[in-house]
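Below is one structure, written out as structure tokens; the observations come after it.
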Amino acid sequence: MGRPLIYRSPMPGLGLSMGITLAMLSIVVLLPIGALFLQGAGYGLGNIWATVNRERVWAALLLSFRLSLLAALFNLVFGVLLAWVLVRYRFPGRRVMDVAVDLPFALPTAVAGIALTALYAPNGAFGALAAEIGWRIAYTQWGIFIALVFVGLPFVTRTVQPVIHEIEREVEEASATLGASRPHTLRHVILPMLMPAALTGFALALARAVGEYGSVIFIAGNIPLVTEIAPLLIVIQLEEFNHDAAAAIGIAMLLISFAMLLAINLIQVWSRRRIGDV
């Protein structure tokens, strides 16, 4: 006999739960994406390429994806480190720090953008200090990077924290007993166990950063070819009632995002197979 198409759960209600799941997935994800591609199909492939193949659009796409990738990489390292500190160490203010990690989830993005601009503008607390040494943060790509790090950090930290909780200290002690140094234990024992969750957090942070709008437009400066992000171009096209051009830029962002997330998922599957989870 061949392998069954569907592995049934011991719990009842497979048909009902499957129907509800597919219905919600269609309403929330598939139908909006389908509507976007339907709008693009009506616009025509040639017109989509003509809209995207402009210097201003390519500059905005490159800026958005480049800074999103850099911010996600930063969050991957710092988010894992922060999760490790919050789980493994006890110190005054740890609970406050743990709660503060979730602030980017709670704050409206526009409020976050205004707060970051107030801090990093030339007359702000941090911006004034940077100006004294000749640096400018707000209204530059550095400001965009900081905003993307701010909104993406919780995704990595909260994804990795439960995995760190499950890693027994005895694993590290056994590695040390066998003569392994701390860097060797970190590289060959701890990181392989953290990698799948860390990559999941990295993908979530990257996806959030690519589509971020509210917290970026206040601190970016929005100068074409310099600090203009791709989501802002879409909003500009919508304000001009040019829905076809907005759909074309959206399709370009969607395809690039899909390619990046697919690559991350392939790396994730490979890492799980290395440690024997798959």
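Here, A, B, ... name the chains of the structure tokens in the order displayed, residue numbers run from 1 inside each chain, and ligands are numbered from 1 in the same displayed order.
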
Quick one: which region 106-214 of chain A residues come within 12 Å of region 243-257 of chain A, and what is the nearest atom pair for each with the distance in Å to one decimal, counting only C-alpha atoms, rows ordered by chain and ascending number, as JSON lines?
```
{"residue": "A:Ala203", "atom": "CA", "partner": "A:Ser257", "partner_atom": "CA", "distance": 10.0}
{"residue": "A:Leu204", "atom": "CA", "partner": "A:Ser257", "partner_atom": "CA", "distance": 11.4}
{"residue": "A:Leu206", "atom": "CA", "partner": "A:Ser257", "partner_atom": "CA", "distance": 8.9}
{"residue": "A:Ala207", "atom": "CA", "partner": "A:Ser257", "partner_atom": "CA", "distance": 7.4}
{"residue": "A:Arg208", "atom": "CA", "partner": "A:Ser257", "partner_atom": "CA", "distance": 10.7}
{"residue": "A:Ala209", "atom": "CA", "partner": "A:Ser257", "partner_atom": "CA", "distance": 10.8}
{"residue": "A:Val210", "atom": "CA", "partner": "A:Ser257", "partner_atom": "CA", "distance": 7.9}
{"residue": "A:Gly211", "atom": "CA", "partner": "A:Met253", "partner_atom": "CA", "distance": 8.8}
```

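Among A:Leu199, A:Val171, A:Leu61, A:Leu38, the residue with the shortest atom-to-atom distance to Ile229 (chain A), counting only C-alpha atoms, is A:Leu61.
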
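Restricting the calculation to only C-alpha atoms, the smallest distance between Leu107 (chain A) and any of A:Ser215, A:Thr200, A:Asn123, A:Ser26 is found for A:Ser215.
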
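Going from CA of Pro108 (chain A) to CA of Ser64 (chain A) covers 20.3 Å.
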
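Among the candidate residues A:Gln268, A:Gln161, A:Thr185, A:Gln237, the one lying nearest to Asp98 (chain A) is A:Gln161, with distances computed using only C-alpha atoms.
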
Near Ile223 (chain A), within 12 Å and counting only C-alpha atoms, which residues show up once chain neighbours fewer than 5 positions away are dropped, as number ranges by chain? A: 56, 59-60, 63, 139-141, 217-218, 228-230, 232-233

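Among the candidates A:Ile33, A:Val269, A:Val235, A:Leu22, the one nearest to Pro196 (chain A) when counting only C-alpha atoms is A:Val269.
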
Determine, counting only C-alpha atoms, which protein, DNA and RNA residues have an atom within 12 Å of an atom of Leu82 (chain A); residues of the same chain fewer than 6 positions away are not included. Present the result as number ranges by chain. A: 74-76, 88-89, 94, 97-98, 100-101, 153-161, 164

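The nearest approach to Leu116 (chain A) among the residues A:Leu30, A:Ile137, A:Ile234, A:Ile264, with only C-alpha atoms taken into account, belongs to A:Ile137.
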
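When only C-alpha atoms are used to measure the gap to Ala197 (chain A), the shortest distance among A:Arg90, A:Arg272, A:Arg136, A:Arg66 belongs to A:Arg272.
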
Can you pull out every residue from region 13-156 of chain A that DSSP, working from the backbone, puts in alpha helix (DSSP H), and format the result as a ChimeraX atom specification? /A:14-25,31-43,45-52,55-88,94-100,103-106,109-120,125-132,141-156

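CA of Val189 (chain A) is positioned 10.4 Å from CA of Ala174 (chain A).
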